[in-house]
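Colleague: Contents of start00.pdb (PDB, C-alpha atoms, pLDDT in the B column) are given next:
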ATOM      1  CA  MET A   1       0.000   0.000   0.000  1.00 83.00           C
ATOM      2  CA  LEU A   2       1.244   3.448  -0.872  1.00 94.00           C
ATOM      3  CA  PRO A   3       1.916   5.917   1.953  1.00 94.00           C
ATOM      4  CA  PRO A   4      -0.388   8.979   1.908  1.00 96.00           C
ATOM      5  CA  PRO A   5       2.111  11.338   0.203  1.00 96.00           C
ATOM      6  CA  ASP A   6       2.658   8.865  -2.650  1.00 97.00           C
ATOM      7  CA  ALA A   7      -1.078   8.188  -2.924  1.00 97.00           C
ATOM      8  CA  ASP A   8      -1.691  11.941  -3.198  1.00 97.00           C
ATOM      9  CA  LEU A   9       0.919  12.162  -5.950  1.00 98.00           C
ATOM     10  CA  VAL A  10      -0.728   9.333  -7.885  1.00 98.00           C
ATOM     11  CA  ALA A  11      -4.090  11.108  -7.604  1.00 98.00           C
ATOM     12  CA  ARG A  12      -2.549  14.251  -9.111  1.00 97.00           C
ATOM     13  CA  GLU A  13      -1.065  12.335 -12.059  1.00 98.00           C
ATOM     14  CA  PRO A  14      -4.008  10.708 -13.891  1.00 97.00           C
ATOM     15  CA  ASP A  15      -2.037  10.735 -17.155  1.00 97.00           C
ATOM     16  CA  LEU A  16       0.577   8.373 -15.665  1.00 98.00           C
ATOM     17  CA  PRO A  17      -1.524   5.219 -15.173  1.00 98.00           C
ATOM     18  CA  GLY A  18       1.466   3.122 -14.127  1.00 98.00           C
ATOM     19  CA  LEU A  19       2.682   5.517 -11.441  1.00 98.00           C
ATOM     20  CA  ALA A  20       1.186   3.560  -8.541  1.00 98.00           C
ATOM     21  CA  ALA A  21       2.696   0.352  -9.912  1.00 98.00           C
ATOM     22  CA  VAL A  22       6.256   1.685  -9.922  1.00 99.00           C
ATOM     23  CA  LEU A  23       5.987   3.515  -6.590  1.00 98.00           C
ATOM     24  CA  ASP A  24       4.543   0.518  -4.721  1.00 98.00           C
ATOM     25  CA  ALA A  25       7.143  -2.239  -4.285  1.00 98.00           C
ATOM     26  CA  ASP A  26       4.494  -4.889  -3.648  1.00 98.00           C
ATOM     27  CA  ALA A  27       2.548  -3.876  -6.752  1.00 98.00           C
ATOM     28  CA  PHE A  28       5.727  -3.943  -8.830  1.00 98.00           C
ATOM     29  CA  ALA A  29       6.550  -7.427  -7.559  1.00 98.00           C
ATOM     30  CA  GLU A  30       3.047  -8.589  -8.533  1.00 98.00           C
ATOM     31  CA  ILE A  31       3.555  -7.294 -12.059  1.00 98.00           C
ATOM     32  CA  LEU A  32       6.804  -9.244 -12.283  1.00 97.00           C
ATOM     33  CA  ARG A  33       5.074 -12.406 -11.091  1.00 96.00           C
ATOM     34  CA  ALA A  34       2.404 -11.992 -13.760  1.00 96.00           C
ATOM     35  CA  HIS A  35       4.863 -11.492 -16.601  1.00 95.00           C
ATOM     36  CA  VAL A  36       7.725 -13.787 -15.589  1.00 94.00           C
ATOM     37  CA  PRO A  37       6.096 -17.183 -15.030  1.00 88.00           C
ATOM     38  CA  GLY A  38       7.998 -19.973 -13.362  1.00 90.00           C
ATOM     39  CA  VAL A  39      10.107 -17.635 -11.232  1.00 93.00           C
ATOM     40  CA  ARG A  40       9.560 -17.247  -7.504  1.00 95.00           C
ATOM     41  CA  ILE A  41       9.581 -13.479  -6.839  1.00 96.00           C
ATOM     42  CA  GLN A  42       9.983 -12.931  -3.094  1.00 96.00           C
ATOM     43  CA  GLY A  43       9.893  -9.142  -3.139  1.00 96.00           C
ATOM     44  CA  ALA A  44      11.382  -5.920  -4.469  1.00 98.00           C
ATOM     45  CA  ARG A  45      13.238  -3.023  -2.847  1.00 98.00           C
ATOM     46  CA  PRO A  46      13.472   0.407  -4.538  1.00 98.00           C
ATOM     47  CA  THR A  47      17.021   1.709  -5.011  1.00 98.00           C
ATOM     48  CA  TYR A  48      16.635   4.732  -7.299  1.00 98.00           C
ATOM     49  CA  LEU A  49      13.891   7.058  -8.534  1.00 98.00           C
ATOM     50  CA  HIS A  50      13.790   9.617 -11.343  1.00 98.00           C
ATOM     51  CA  TYR A  51      10.532  11.527 -11.689  1.00 98.00           C
ATOM     52  CA  LYS A  52       9.567  14.210 -14.196  1.00 98.00           C
ATOM     53  CA  PRO A  53       6.105  15.556 -13.307  1.00 98.00           C
ATOM     54  CA  GLY A  54       3.500  14.942 -15.952  1.00 97.00           C
ATOM     55  CA  THR A  55       5.941  13.000 -18.136  1.00 97.00           C
ATOM     56  CA  PHE A  56       7.360   9.841 -16.553  1.00 98.00           C
ATOM     57  CA  CYS A  57       8.530   8.149 -13.372  1.00 98.00           C
ATOM     58  CA  LEU A  58      11.403   5.645 -13.369  1.00 99.00           C
ATOM     59  CA  VAL A  59      12.053   3.435 -10.346  1.00 99.00           C
ATOM     60  CA  ASP A  60      14.890   0.927 -10.120  1.00 99.00           C
ATOM     61  CA  TYR A  61      14.413  -2.155  -7.939  1.00 99.00           C
ATOM     62  CA  ALA A  62      16.586  -4.818  -6.371  1.00 98.00           C
ATOM     63  CA  VAL A  63      14.382  -7.866  -6.897  1.00 98.00           C
ATOM     64  CA  GLN A  64      14.655 -10.958  -4.721  1.00 97.00           C
ATOM     65  CA  ALA A  65      13.915 -14.011  -6.834  1.00 94.00           C
ATOM     66  CA  ASP A  66      14.794 -17.689  -6.450  1.00 89.00           C
ATOM     67  CA  GLY A  67      17.363 -16.850  -3.791  1.00 88.00           C
ATOM     68  CA  HIS A  68      19.148 -14.222  -5.896  1.00 92.00           C
ATOM     69  CA  THR A  69      19.047 -10.442  -6.256  1.00 96.00           C
ATOM     70  CA  VAL A  70      18.516  -9.060  -9.748  1.00 96.00           C
ATOM     71  CA  ASP A  71      18.066  -5.537 -11.060  1.00 97.00           C
ATOM     72  CA  ALA A  72      14.872  -4.425 -12.793  1.00 98.00           C
ATOM     73  CA  TYR A  73      13.470  -0.980 -13.450  1.00 98.00           C
ATOM     74  CA  GLY A  74      10.047   0.225 -14.457  1.00 98.00           C
ATOM     75  CA  ILE A  75       9.076   3.424 -16.247  1.00 98.00           C
ATOM     76  CA  ALA A  76       5.552   4.757 -15.998  1.00 98.00           C
ATOM     77  CA  HIS A  77       4.845   6.785 -19.140  1.00 98.00           C
ATOM     78  CA  ARG A  78       1.957   8.990 -20.193  1.00 97.00           C
ATOM     79  CA  LEU A  79      -1.160   7.484 -21.718  1.00 93.00           C
ATOM     80  CA  ASP A  80      -0.200   8.951 -25.096  1.00 92.00           C
ATOM     81  CA  ALA A  81       3.237   7.275 -25.169  1.00 91.00           C
ATOM     82  CA  ALA A  82       2.236   4.560 -27.652  1.00 86.00           C
ATOM     83  CA  ILE A  83       5.324   5.127 -29.801  1.00 88.00           C
ATOM     84  CA  LYS A  84       7.660   4.680 -26.836  1.00 89.00           C
ATOM     85  CA  LEU A  85       5.890   1.484 -25.840  1.00 91.00           C
ATOM     86  CA  ARG A  86       6.100   0.114 -29.366  1.00 90.00           C
ATOM     87  CA  ASN A  87       9.783   1.012 -29.647  1.00 89.00           C
ATOM     88  CA  ALA A  88      10.478  -0.731 -26.348  1.00 87.00           C
ATOM     89  CA  GLU A  89       8.952  -3.923 -27.709  1.00 81.00           C
ATOM     90  CA  GLU A  90      10.669  -3.742 -31.084  1.00 75.00           C
ATOM     91  CA  LYS A  91      14.175  -2.649 -30.108  1.00 77.00           C
ATOM     92  CA  GLY A  92      16.806  -5.310 -29.585  1.00 76.00           C
ATOM     93  CA  GLN A  93      17.205  -6.845 -26.168  1.00 87.00           C
ATOM     94  CA  VAL A  94      19.163  -9.625 -24.533  1.00 92.00           C
ATOM     95  CA  ALA A  95      17.838 -12.302 -22.244  1.00 87.00           C
ATOM     96  CA  GLY A  96      17.795 -11.125 -18.652  1.00 86.00           C
ATOM     97  CA  PRO A  97      18.201 -13.295 -15.561  1.00 85.00           C
ATOM     98  CA  PHE A  98      14.790 -14.916 -16.174  1.00 87.00           C
ATOM     99  CA  ARG A  99      15.233 -15.257 -19.959  1.00 87.00           C
ATOM    100  CA  VAL A 100      13.183 -12.060 -20.289  1.00 91.00           C
ATOM    101  CA  GLY A 101      14.878  -8.825 -21.255  1.00 94.00           C
ATOM    102  CA  ARG A 102      11.995  -6.369 -21.309  1.00 95.00           C
ATOM    103  CA  PHE A 103       8.212  -6.359 -21.331  1.00 95.00           C
ATOM    104  CA  VAL A 104       5.438  -3.796 -21.726  1.00 95.00           C
ATOM    105  CA  VAL A 105       2.186  -3.459 -19.772  1.00 97.00           C
ATOM    106  CA  GLU A 106       0.136  -1.491 -22.277  1.00 95.00           C
ATOM    107  CA  ASP A 107      -2.871  -0.601 -20.122  1.00 95.00           C
ATOM    108  CA  LEU A 108      -0.497   1.001 -17.598  1.00 97.00           C
ATOM    109  CA  SER A 109       1.841   2.557 -20.204  1.00 97.00           C
ATOM    110  CA  LEU A 110       4.565   0.769 -18.271  1.00 98.00           C
ATOM    111  CA  ILE A 111       7.911  -0.574 -19.508  1.00 97.00           C
ATOM    112  CA  VAL A 112       9.889  -2.997 -17.329  1.00 97.00           C
ATOM    113  CA  SER A 113      13.516  -3.827 -18.159  1.00 97.00           C
ATOM    114  CA  PHE A 114      15.865  -6.362 -16.594  1.00 97.00           C
ATOM    115  CA  PHE A 115      19.594  -5.659 -16.351  1.00 97.00           C
ATOM    116  CA  PRO A 116      21.590  -5.416 -18.595  1.00 97.00           C
ATOM    117  CA  ASN A 117      18.799  -4.180 -20.869  1.00 96.00           C
ATOM    118  CA  ASP A 118      18.753  -0.387 -20.830  1.00 96.00           C
ATOM    119  CA  ARG A 119      17.204   1.756 -23.550  1.00 92.00           C
ATOM    120  CA  ARG A 120      19.865   4.469 -23.274  1.00 94.00           C
ATOM    121  CA  LEU A 121      22.963   2.637 -22.000  1.00 97.00           C
ATOM    122  CA  ARG A 122      23.406   0.342 -24.990  1.00 94.00           C
ATOM    123  CA  THR A 123      26.885  -0.824 -23.934  1.00 97.00           C
ATOM    124  CA  LEU A 124      25.720  -2.716 -20.847  1.00 97.00           C
ATOM    125  CA  PRO A 125      24.923  -6.032 -22.599  1.00 96.00           C
ATOM    126  CA  ALA A 126      28.512  -6.177 -23.869  1.00 97.00           C
ATOM    127  CA  LEU A 127      29.830  -5.936 -20.310  1.00 97.00           C
ATOM    128  CA  VAL A 128      28.037  -9.040 -19.063  1.00 95.00           C
ATOM    129  CA  ASP A 129      28.969 -11.273 -22.008  1.00 95.00           C
ATOM    130  CA  GLU A 130      32.563 -12.500 -21.685  1.00 96.00           C
ATOM    131  CA  LYS A 131      33.389 -12.615 -25.409  1.00 97.00           C
ATOM    132  CA  ARG A 132      31.763  -9.284 -26.204  1.00 97.00           C
ATOM    133  CA  ARG A 133      33.406  -7.694 -23.170  1.00 98.00           C
ATOM    134  CA  ARG A 134      36.857  -8.811 -24.302  1.00 98.00           C
ATOM    135  CA  ARG A 135      36.290  -7.423 -27.799  1.00 98.00           C
ATOM    136  CA  LEU A 136      35.098  -4.137 -26.308  1.00 98.00           C
ATOM    137  CA  PHE A 137      38.087  -3.860 -23.978  1.00 98.00           C
ATOM    138  CA  GLN A 138      40.485  -4.651 -26.820  1.00 98.00           C
ATOM    139  CA  LYS A 139      39.081  -1.643 -28.660  1.00 97.00           C
ATOM    140  CA  ILE A 140      38.973   0.897 -25.857  1.00 97.00           C
ATOM    141  CA  PHE A 141      42.075  -0.223 -23.915  1.00 98.00           C
ATOM    142  CA  LEU A 142      44.437  -0.208 -26.891  1.00 96.00           C
ATOM    143  CA  GLU A 143      47.374   0.907 -24.758  1.00 94.00           C
ATOM    144  CA  HIS A 144      46.489  -1.297 -21.779  1.00 96.00           C
ATOM    145  CA  PRO A 145      46.361  -4.946 -22.930  1.00 97.00           C
ATOM    146  CA  ASP A 146      46.484  -6.049 -19.309  1.00 96.00           C
ATOM    147  CA  MET A 147      42.892  -4.779 -19.027  1.00 98.00           C
ATOM    148  CA  TRP A 148      41.493  -6.983 -21.787  1.00 98.00           C
ATOM    149  CA  GLU A 149      40.642  -9.822 -19.412  1.00 98.00           C
ATOM    150  CA  ALA A 150      39.309  -7.622 -16.602  1.00 98.00           C
ATOM    151  CA  SER A 151      36.181  -8.696 -14.771  1.00 98.00           C
ATOM    152  CA  VAL A 152      33.399  -6.211 -14.043  1.00 98.00           C
ATOM    153  CA  GLU A 153      31.920  -5.476 -10.605  1.00 98.00           C
ATOM    154  CA  THR A 154      29.024  -3.039 -10.389  1.00 97.00           C
ATOM    155  CA  ILE A 155      29.549  -0.022  -8.146  1.00 96.00           C
ATOM    156  CA  ARG A 156      26.450   2.012  -8.953  1.00 96.00           C
ATOM    157  CA  TYR A 157      23.696   1.927 -11.546  1.00 98.00           C
ATOM    158  CA  ARG A 158      21.273   4.689 -12.451  1.00 98.00           C
ATOM    159  CA  PRO A 159      19.073   3.307 -15.258  1.00 98.00           C
ATOM    160  CA  GLU A 160      19.133   5.319 -18.480  1.00 97.00           C
ATOM    161  CA  ARG A 161      21.615   7.766 -16.915  1.00 97.00           C
ATOM    162  CA  ARG A 162      24.918   6.113 -15.994  1.00 97.00           C
ATOM    163  CA  TYR A 163      26.597   2.934 -14.821  1.00 99.00           C
ATOM    164  CA  SER A 164      29.825   2.692 -12.800  1.00 98.00           C
ATOM    165  CA  ALA A 165      31.861  -0.469 -12.381  1.00 98.00           C
ATOM    166  CA  ARG A 166      35.131  -1.632 -10.870  1.00 98.00           C
ATOM    167  CA  LEU A 167      37.454  -3.420 -13.303  1.00 99.00           C
ATOM    168  CA  VAL A 168      39.379  -6.178 -11.561  1.00 98.00           C
ATOM    169  CA  VAL A 169      42.530  -7.893 -12.826  1.00 98.00           C
ATOM    170  CA  GLY A 170      44.235 -10.631 -10.856  1.00 97.00           C
ATOM    171  CA  GLY A 171      41.957 -10.050  -7.892  1.00 97.00           C
ATOM    172  CA  ARG A 172      42.849  -6.362  -7.626  1.00 97.00           C
ATOM    173  CA  PRO A 173      40.849  -3.304  -8.727  1.00 98.00           C
ATOM    174  CA  ARG A 174      42.639  -1.573 -11.582  1.00 98.00           C
ATOM    175  CA  ALA A 175      40.201   0.915 -13.052  1.00 98.00           C
ATOM    176  CA  VAL A 176      36.738   2.441 -12.909  1.00 98.00           C
ATOM    177  CA  LEU A 177      34.557   2.133 -15.998  1.00 99.00           C
ATOM    178  CA  LYS A 178      31.649   4.530 -16.518  1.00 99.00           C
ATOM    179  CA  VAL A 179      28.915   4.191 -19.131  1.00 99.00           C
ATOM    180  CA  TYR A 180      26.694   7.198 -19.837  1.00 98.00           C
ATOM    181  CA  GLY A 181      23.608   8.155 -21.743  1.00 96.00           C
ATOM    182  CA  ALA A 182      24.280  10.341 -24.782  1.00 93.00           C
ATOM    183  CA  GLU A 183      23.536  13.671 -23.077  1.00 91.00           C
ATOM    184  CA  ASP A 184      25.465  12.953 -19.883  1.00 95.00           C
ATOM    185  CA  TYR A 185      28.465  11.575 -21.783  1.00 97.00           C
ATOM    186  CA  GLY A 186      29.351  14.894 -23.363  1.00 95.00           C
ATOM    187  CA  ILE A 187      29.346  16.642 -19.995  1.00 94.00           C
ATOM    188  CA  ALA A 188      31.371  13.873 -18.338  1.00 96.00           C
ATOM    189  CA  ALA A 189      33.927  13.742 -21.157  1.00 95.00           C
ATOM    190  CA  ARG A 190      34.536  17.487 -20.989  1.00 94.00           C
ATOM    191  CA  GLY A 191      34.902  17.337 -17.224  1.00 92.00           C
ATOM    192  CA  ALA A 192      37.341  14.426 -17.404  1.00 93.00           C
ATOM    193  CA  LYS A 193      39.492  16.399 -19.828  1.00 91.00           C
ATOM    194  CA  ALA A 194      39.415  19.651 -17.875  1.00 92.00           C
ATOM    195  CA  LEU A 195      39.832  18.603 -14.240  1.00 92.00           C
ATOM    196  CA  ARG A 196      43.311  18.157 -12.741  1.00 93.00           C
ATOM    197  CA  SER A 197      44.739  17.000  -9.425  1.00 95.00           C
ATOM    198  CA  ALA A 198      45.608  19.825  -7.028  1.00 92.00           C
ATOM    199  CA  PRO A 199      46.677  18.426  -3.624  1.00 94.00           C
ATOM    200  CA  PRO A 200      44.922  17.439  -1.507  1.00 93.00           C
ATOM    201  CA  LEU A 201      42.491  16.933  -4.416  1.00 94.00           C
ATOM    202  CA  ARG A 202      43.174  13.730  -6.363  1.00 94.00           C
ATOM    203  CA  VAL A 203      41.545  13.411  -9.781  1.00 94.00           C
ATOM    204  CA  PRO A 204      41.824   9.967 -11.385  1.00 96.00           C
ATOM    205  CA  ARG A 205      43.622   9.863 -14.726  1.00 96.00           C
ATOM    206  CA  ARG A 206      41.470   8.991 -17.706  1.00 97.00           C
ATOM    207  CA  ILE A 207      42.991   5.922 -19.347  1.00 97.00           C
ATOM    208  CA  ALA A 208      40.416   5.113 -22.043  1.00 97.00           C
ATOM    209  CA  LYS A 209      37.312   6.409 -23.758  1.00 96.00           C
ATOM    210  CA  SER A 210      34.865   5.530 -26.509  1.00 97.00           C
ATOM    211  CA  ASN A 211      32.753   8.304 -27.979  1.00 97.00           C
ATOM    212  CA  GLY A 212      30.636   5.801 -29.867  1.00 96.00           C
ATOM    213  CA  ARG A 213      29.974   3.662 -26.805  1.00 97.00           C
ATOM    214  CA  HIS A 214      29.731   6.633 -24.399  1.00 98.00           C
ATOM    215  CA  VAL A 215      32.355   5.043 -22.147  1.00 98.00           C
ATOM    216  CA  LEU A 216      35.074   6.563 -19.967  1.00 98.00           C
ATOM    217  CA  ALA A 217      37.650   4.643 -17.929  1.00 98.00           C
ATOM    218  CA  PHE A 218      39.816   5.991 -15.126  1.00 98.00           C
ATOM    219  CA  ASP A 219      42.658   4.810 -12.922  1.00 98.00           C
ATOM    220  CA  TRP A 220      41.521   3.226  -9.683  1.00 98.00           C
ATOM    221  CA  LEU A 221      42.330   5.427  -6.687  1.00 96.00           C
ATOM    222  CA  GLU A 222      42.907   3.658  -3.401  1.00 93.00           C
ATOM    223  CA  GLY A 223      41.359   5.410  -0.447  1.00 89.00           C
ATOM    224  CA  ARG A 224      38.531   5.558   2.022  1.00 86.00           C
ATOM    225  CA  LEU A 225      35.017   6.739   1.283  1.00 85.00           C
ATOM    226  CA  LEU A 226      33.968   9.748   3.335  1.00 84.00           C
ATOM    227  CA  GLU A 227      30.589   8.184   4.112  1.00 85.00           C
ATOM    228  CA  GLU A 228      32.426   5.232   5.670  1.00 86.00           C
ATOM    229  CA  ALA A 229      34.899   7.415   7.543  1.00 85.00           C
ATOM    230  CA  LEU A 230      32.104   9.439   9.140  1.00 84.00           C
ATOM    231  CA  SER A 231      31.063   6.430  11.212  1.00 85.00           C
ATOM    232  CA  ASP A 232      34.572   6.124  12.676  1.00 86.00           C
ATOM    233  CA  VAL A 233      34.687   7.721  16.124  1.00 84.00           C
ATOM    234  CA  ARG A 234      38.474   8.016  15.747  1.00 87.00           C
ATOM    235  CA  LEU A 235      38.174  10.335  12.763  1.00 85.00           C
ATOM    236  CA  GLU A 236      40.067  13.551  13.446  1.00 88.00           C
ATOM    237  CA  ALA A 237      39.003  17.074  12.554  1.00 88.00           C
ATOM    238  CA  ALA A 238      41.996  17.347  10.234  1.00 90.00           C
ATOM    239  CA  ALA A 239      40.330  14.852   7.907  1.00 88.00           C
ATOM    240  CA  PHE A 240      37.383  17.197   7.431  1.00 87.00           C
ATOM    241  CA  GLU A 241      39.777  20.044   6.750  1.00 92.00           C
ATOM    242  CA  ARG A 242      41.459  18.025   3.988  1.00 93.00           C
ATOM    243  CA  VAL A 243      38.075  17.226   2.480  1.00 91.00           C
ATOM    244  CA  GLY A 244      37.166  20.913   2.545  1.00 94.00           C
ATOM    245  CA  ARG A 245      40.411  21.913   0.836  1.00 95.00           C
ATOM    246  CA  ALA A 246      39.937  19.226  -1.803  1.00 94.00           C
ATOM    247  CA  LEU A 247      36.399  20.415  -2.532  1.00 93.00           C
ATOM    248  CA  ALA A 248      37.590  24.005  -2.750  1.00 95.00           C
ATOM    249  CA  ALA A 249      40.281  22.958  -5.240  1.00 94.00           C
ATOM    250  CA  LEU A 250      37.686  21.087  -7.282  1.00 93.00           C
ATOM    251  CA  HIS A 251      35.230  23.975  -7.452  1.00 92.00           C
ATOM    252  CA  ALA A 252      38.016  26.392  -8.335  1.00 94.00           C
ATOM    253  CA  GLN A 253      38.521  24.528 -11.611  1.00 91.00           C
ATOM    254  CA  ASP A 254      36.445  24.993 -14.731  1.00 78.00           C
ATOM    255  CA  GLY A 255      35.129  21.528 -15.519  1.00 63.00           C
ATOM    256  CA  SER A 256      33.045  22.606 -18.496  1.00 57.00           C
TER     257      SER A 256
END
Once you've parsed the file, please lay out its structure as structure tokens.
Modeller:
Amino acid sequence: MLPPPDADLVAREPDLPGLAAVLDADAFAEILRAHVPGVRIQGARPTYLHYKPGTFCLVDYAVQADGHTVDAYGIAHRLDAAIKLRNAEEKGQVAGPFRVGRFVVEDLSLIVSFFPNDRRLRTLPALVDEKRRRRLFQKIFLEHPDMWEASVETIRYRPERRYSARLVVGGRPRAVLKVYGAEDYGIAARGAKALRSAPPLRVPRRIAKSNGRHVLAFDWLEGRLLEEALSDVRLEAAAFERVGRALAALHAQDGS
């Protein structure tokens, strides 16, 4: 059941018939059960939301199924989004974890996609297929043949926006790979070219890119995440000062 604020939002968005389905984890799980037969869906937990009033609402879910966690996202579109729904059905897709890549619920104007299917991040399927991944890495890591056999570990995924992964070689992280949508890629590429290290600020060196694939790769920087350090009672005030100086150095640069 939706909490009152979400229920009020749904009532104000009659042109998004699938809004309640993507905002309600139980309702989303029921839709998966109806469209993915033979799979035991235990539940779903929302991990990301992107909402544009009157236009769409995208919610990414970590889905518990058959003892595993898989990624699936739903987009509630407007009632008049017939072309988008048709394109979602016709565009190429790869088999997801349940042999289903994507499906459409027409009466709700709802599109559900299973990772690695993503309408805007077209490179993702190549990352999960070993042969395709090696061919991709051979192309983008021309000067780093040691990266051709790297394995991929997801760090963060924002459907239709960006995907970040750790590239591991010999059991050690060697690089960060980022895949972007077309619009975000241009901004990220310009920033990667413009920003420089200025102690205590450390900016990872870009080691590879693909304009066609909308991919950037950077050196892996060893260190400690601030969000993890904040829970350490032994953290000294000097650490916050270094963070402040690093942020000041970052904002002093023109990353455009």
Colleague: Would you write out, as a PyMOL selection string, every residue that the PyMOL selection byres ((chain A and resi 121-138) around 9) captures in this file?
Modeller: chain A and resi 93-94+115-120+139-142+144-145+147-152+159-163+179-182+213-215
Colleague: Measuring atom to atom with all atoms listed in the file, identify which of A:Glu227, A:His77, A:Leu19, A:Ile41 is nearest to Glu106 in chain A.
Modeller: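 Closest residue, counting all atoms listed in the file: A:His77.
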Colleague: List every protein, DNA or RNA residue with an atom no more than 10 Å from (44.4, 18.2, -15.5) in the file's coordinates, counting all atoms listed in the file, and format the result as a PyMOL selection string.
Modeller: chain A and resi 191-198+203-206+253+255
Colleague: A:Val104, A:Ala246, A:Val10, A:Leu32: which is nearest Pro199 in chain A, counting all atoms listed in the file?
Modeller: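 Distance minimum relative to Pro199 in chain A lands on A:Ala246.
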Colleague: Using the chain letters and residue numbers of this document, give as a PyMOL selection string the residues selected by the PyMOL selection byres ((chain A and resi 6) around 12).
Modeller: chain A and resi 1-5+7-13+19-24
Colleague: So which residues get picked by the PyMOL selection byres ((chain A and resi 103) around 8) here, written as a list in words?
Modeller: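 When the PyMOL selection byres ((chain A and resi 103) around 8) is applied, the selected residues are His35, Ala88, Glu89, Val100, Gly101, Arg102, Val104, Val105, Ile111, Val112 and Ser113 of chain A.
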Colleague: Where's the centre, and what are the edge lengths in Å to one decimal, of a box along x, y and z enclosing all listed atoms of range 167-180 of chain A padded 6 Å per side, as lines of an AutoDock Vina configuration file?
Modeller:
center_x = 35.5
center_y = -1.7
center_z = -13.7
size_x = 29.5
size_y = 29.8
size_z = 24.2
Colleague: Provide the CA of Ala76 in chain A to CA of Val59 in chain A distance in Å, to one decimal place.
Modeller: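 A separation of 8.7 Å between them.
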Colleague: Just the residues within 12 Å of Pro37 in chain A, please, counting all atoms listed in the file, with nothing from its chain fewer than 6 positions along; format it as JSON, numbers by chain.
Modeller: {"A": [30, 31, 65, 98, 99, 100]}
Colleague: How would the residues just chosen look if you wrote them out with C-alpha atoms as a compact mmCIF listing (two decimals), keeping the file's coordinate frame?
Modeller:
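The result, stored in again_24.txt:
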# COMPACT_ATOMS: atom_id res chain seq x y z
CA GLU A 30 3.05 -8.59 -8.53
CA ILE A 31 3.56 -7.29 -12.06
CA ALA A 65 13.92 -14.01 -6.83
CA PHE A 98 14.79 -14.92 -16.17
CA ARG A 99 15.23 -15.26 -19.96
CA VAL A 100 13.18 -12.06 -20.29
Colleague: Out of A:Arg78, A:Arg40, A:Arg202, A:Lys209, which residue has the shortest atom-to-atom distance to Val243 in chain A when counting all atoms listed in the file?
Modeller: A:Arg202
Colleague: Mind giving me the straight-line distance from CA of Ile207 in chain A to CA of Pro173 in chain A in Å, one decimal?
Modeller: 14.2 Å
Colleague: Using CA of Asp71 in chain A and CA of Leu230 in chain A as the two end points, give the distance in Å to one decimal.
Modeller: 28.8 Å
